[in-house]
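K.L.:
What follows is a structure written as structure tokens; I'll ask about it next.
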Amino acid sequence: MNRTSVSSPANIALIKYWGMRDAQNTLPNNASLSMTLSRCVSLCTLAPLANGTTDEILWKTSRGALVPADPALRAGIEHHLQALREHFDHWQPLRIATTNSFPTGAGIASSAAGFSALTTAFALYRGHSLTHPALSDLTRLSGSGSAARSVTGGFVQWPGNARLLSGPALQIAPARHWPLHDLIAVVDARHKTVSSRQGHLLANSSEFYPTRLTLLPDRLEQVRRAILERDFTRLADAVEREAVELHLIAMTSQPPVFYWRPATLAVLEQVRQLRREGLDVCATLDAGPNVHVLCTPQHSPKVFAALRKLPDIQRWILDRAGDGPRRLEQHLY
Ligand code: PMV
């Protein structure tokens, strides 16, 4: 069987993409910047179905069973396959299996990792490489803009041209440039009730959104410089303001969207306290209640020792900066 398998990472946005100027083509209102993760990954195996007439789409459970994908996952994959088929002009039915190493739909970028995995697996299957220039733009057509950042490892800006808001994702620095840790507090692993897509569409209804857009160019530059100069103080300041602002927009949208839980706030408070005590640590969140605690590798053991004492955290995922997708020789089926 001609199987192609890849592992693709999730990413955590340091400058958030929130709101679209073109929902049909998933074009953002602002440039975003993320750190690629290393342990939160989606796996995808894809092979042609010799005698099939329709695609077979499977989910691998945490117990290792292959089951038919639920209707929402199937619809998302079928929608994106249409774009991939048109681009690569390849129409044969496929058998696709996928799974995640982390909670799905809980604000840990599972759609970014998943669509990046599907796109790169399809490109490899059609004989292209992991550096194929169309990968980022193709991945965006899945409807998950943040997925465009997952096909490029390290610290990534999307769109590459922040002024014109166009072009593929661009690597600002590889992961080894600054191997930050990301301690993820899973406060609630359940699937969120308001999707990122709905949140993007509501962003404009917040009266604070126009102000946010005027603040972002300087903040993006602050984060970009902090990364290039490995300046944690500068990074922490911008990243925490950015995280709170994303949720300010969500909470003031009409209707409002509240992703935080009490334990979310407890982690944020503890992180600020640890920073006051001199540790290199800051926190950010995507569209969900779970907190990404970023810290330098030197301070990570002390940070984790303090945070793990907090109650009401379901699970900790200890992740770090990582590189982009890679081909796997082990397959899901
Ligand atoms: O790519 P989407 O549609 O899942 O939206 C991502 C939204 C945030 O995670 C909140 C921010 C981001 O830039 O990743």
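Naming works like this for the structure tokens: A, B, ... for the chains as they're shown, residue 1 at the start of each chain, ligands 1 onward in shown order.
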Let me see if you get this right: every residue at most 8 Å from ligand 1, counting only C-alpha atoms and all ligand atoms, written as a VMD selection string.

P.N.:
chain A and resid 11 to 18 32 to 34 107 to 112 143 to 147 195 to 197 200 246 285 to 288

K.L.:
Applying 10 Å and only C-alpha atoms, which residues near Thr120 in chain A remain after dropping the ones on its own chain fewer than 2 positions away? List them as JSON, numbers by chain.

P.N.:
{"A": [4, 5, 6, 7, 8, 44, 115, 116, 117, 118, 122, 123, 124, 125, 126, 128, 129, 130, 131, 132, 135, 136, 138, 139, 151, 325, 326, 327]}

K.L.:
For each of A:Val281, A:Leu66, A:Ala47, A:Ala236, take the minimum atom-to-atom distance to Val303 in chain A, counting only C-alpha atoms, then give the residue where this is smallest.

P.N.:
A:Val281

K.L.:
List every residue of range 63-281 of chain A that DSSP, applied to the backbone, labels as alpha helix (DSSP H), and write the result as a VMD selection string.

P.N.:
chain A and resid 71 to 88 110 to 125 135 to 140 147 to 150 196 to 202 209 to 229 232 to 251 262 to 276

K.L.:
What parts of range 156-198 of chain A does DSSP call strand (DSSP E or B)? I'd like the answer as a list in words.

P.N.:
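Answer for range 156-198 of chain A, restricted to strand (DSSP E or B): Val156, Gln157, Trp158, Asn161, Ser166, Leu170, Gln171, Ile172, Ala173, His181, Asp182, Leu183, Ile184, Ala185 and Val186 of chain A.
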
K.L.:
Take the residues just selected and output them with all heavy atoms as a short mmCIF file (atom, residue, chain, number, x, y, z; two decimals), in the first residue's frame.

P.N.:
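In the end it all went to result20.cif:
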data_model
loop_
_atom_site.label_atom_id
_atom_site.label_comp_id
_atom_site.auth_asym_id
_atom_site.auth_seq_id
_atom_site.Cartn_x
_atom_site.Cartn_y
_atom_site.Cartn_z
N VAL A 156 6.93 31.98 13.76
CA VAL A 156 6.37 32.16 12.43
C VAL A 156 5.40 33.34 12.39
O VAL A 156 4.54 33.47 13.27
CB VAL A 156 5.58 30.89 12.01
CG1 VAL A 156 5.04 31.03 10.59
CG2 VAL A 156 6.45 29.64 12.13
N GLN A 157 5.56 34.15 11.36
CA GLN A 157 4.60 35.25 11.14
C GLN A 157 3.72 34.92 9.94
O GLN A 157 4.20 34.41 8.92
CB GLN A 157 5.37 36.54 10.87
CG GLN A 157 4.45 37.73 10.63
CD GLN A 157 5.23 38.96 10.20
OE1 GLN A 157 6.16 39.37 10.88
NE2 GLN A 157 4.86 39.52 9.06
N TRP A 158 2.41 35.22 10.06
CA TRP A 158 1.50 35.02 8.94
C TRP A 158 0.48 36.14 8.92
O TRP A 158 -0.08 36.42 9.98
CB TRP A 158 0.76 33.67 9.07
CG TRP A 158 -0.35 33.54 8.06
CD1 TRP A 158 -0.21 33.31 6.72
CD2 TRP A 158 -1.75 33.64 8.31
NE1 TRP A 158 -1.45 33.27 6.13
CE2 TRP A 158 -2.40 33.47 7.07
CE3 TRP A 158 -2.54 33.87 9.44
CZ2 TRP A 158 -3.80 33.52 6.93
CZ3 TRP A 158 -3.92 33.93 9.32
CH2 TRP A 158 -4.54 33.74 8.08
N ASN A 161 3.96 39.21 4.74
CA ASN A 161 4.06 40.65 4.59
C ASN A 161 3.00 41.31 5.48
O ASN A 161 1.82 41.32 5.16
CB ASN A 161 3.85 41.03 3.12
CG ASN A 161 4.10 42.51 2.88
OD1 ASN A 161 3.83 43.35 3.75
ND2 ASN A 161 4.62 42.83 1.71
N SER A 166 -0.36 40.11 3.16
CA SER A 166 -0.42 39.11 2.11
C SER A 166 0.83 38.23 2.15
O SER A 166 1.81 38.56 2.82
CB SER A 166 -0.52 39.78 0.74
OG SER A 166 0.68 40.47 0.49
N LEU A 170 5.92 33.07 7.24
CA LEU A 170 7.36 33.33 7.14
C LEU A 170 8.03 32.96 8.45
O LEU A 170 7.57 33.42 9.51
CB LEU A 170 7.53 34.83 6.88
CG LEU A 170 8.89 35.36 6.55
CD1 LEU A 170 9.22 35.00 5.10
CD2 LEU A 170 8.88 36.89 6.72
N GLN A 171 9.10 32.19 8.39
CA GLN A 171 9.82 31.87 9.64
C GLN A 171 10.68 33.06 10.05
O GLN A 171 11.49 33.54 9.27
CB GLN A 171 10.70 30.62 9.46
CG GLN A 171 11.29 30.21 10.79
CD GLN A 171 12.27 29.04 10.67
OE1 GLN A 171 13.43 29.23 10.34
NE2 GLN A 171 11.79 27.86 10.96
N ILE A 172 10.50 33.48 11.29
CA ILE A 172 11.31 34.59 11.82
C ILE A 172 12.59 34.07 12.43
O ILE A 172 13.65 34.67 12.33
CB ILE A 172 10.48 35.35 12.87
CG1 ILE A 172 9.43 36.16 12.14
CG2 ILE A 172 11.33 36.24 13.73
CD1 ILE A 172 8.52 36.87 13.07
N ALA A 173 12.48 32.92 13.09
CA ALA A 173 13.66 32.28 13.69
C ALA A 173 13.32 30.80 13.90
O ALA A 173 12.17 30.46 14.17
CB ALA A 173 13.98 32.94 15.02
N HIS A 181 10.07 27.01 26.72
CA HIS A 181 9.14 25.95 27.14
C HIS A 181 7.72 26.50 27.15
O HIS A 181 7.50 27.69 27.36
CB HIS A 181 9.51 25.44 28.53
CG HIS A 181 10.74 24.58 28.52
ND1 HIS A 181 11.10 23.77 29.55
CD2 HIS A 181 11.69 24.38 27.56
CE1 HIS A 181 12.21 23.11 29.25
NE2 HIS A 181 12.59 23.48 28.04
N ASP A 182 6.76 25.61 26.92
CA ASP A 182 5.34 25.97 27.00
C ASP A 182 4.66 24.92 27.89
O ASP A 182 4.47 23.78 27.48
CB ASP A 182 4.72 25.97 25.59
CG ASP A 182 3.24 26.33 25.61
OD1 ASP A 182 2.72 26.69 26.70
OD2 ASP A 182 2.59 26.26 24.55
N LEU A 183 4.37 25.31 29.12
CA LEU A 183 3.70 24.40 30.07
C LEU A 183 2.21 24.67 29.93
O LEU A 183 1.74 25.76 30.28
CB LEU A 183 4.17 24.68 31.49
CG LEU A 183 5.69 24.94 31.66
CD1 LEU A 183 6.01 25.25 33.12
CD2 LEU A 183 6.49 23.73 31.19
N ILE A 184 1.48 23.71 29.41
CA ILE A 184 0.07 23.97 29.08
C ILE A 184 -0.82 23.44 30.20
O ILE A 184 -0.83 22.23 30.49
CB ILE A 184 -0.32 23.31 27.74
CG1 ILE A 184 0.65 23.74 26.63
CG2 ILE A 184 -1.76 23.69 27.36
CD1 ILE A 184 0.47 22.99 25.33
N ALA A 185 -1.54 24.37 30.84
CA ALA A 185 -2.47 23.98 31.91
C ALA A 185 -3.80 23.64 31.26
O ALA A 185 -4.50 24.53 30.75
CB ALA A 185 -2.64 25.13 32.89
N VAL A 186 -4.14 22.35 31.26
CA VAL A 186 -5.44 21.96 30.70
C VAL A 186 -6.47 22.10 31.81
O VAL A 186 -6.56 21.28 32.72
CB VAL A 186 -5.39 20.52 30.13
CG1 VAL A 186 -6.75 20.15 29.52
CG2 VAL A 186 -4.29 20.39 29.09
#
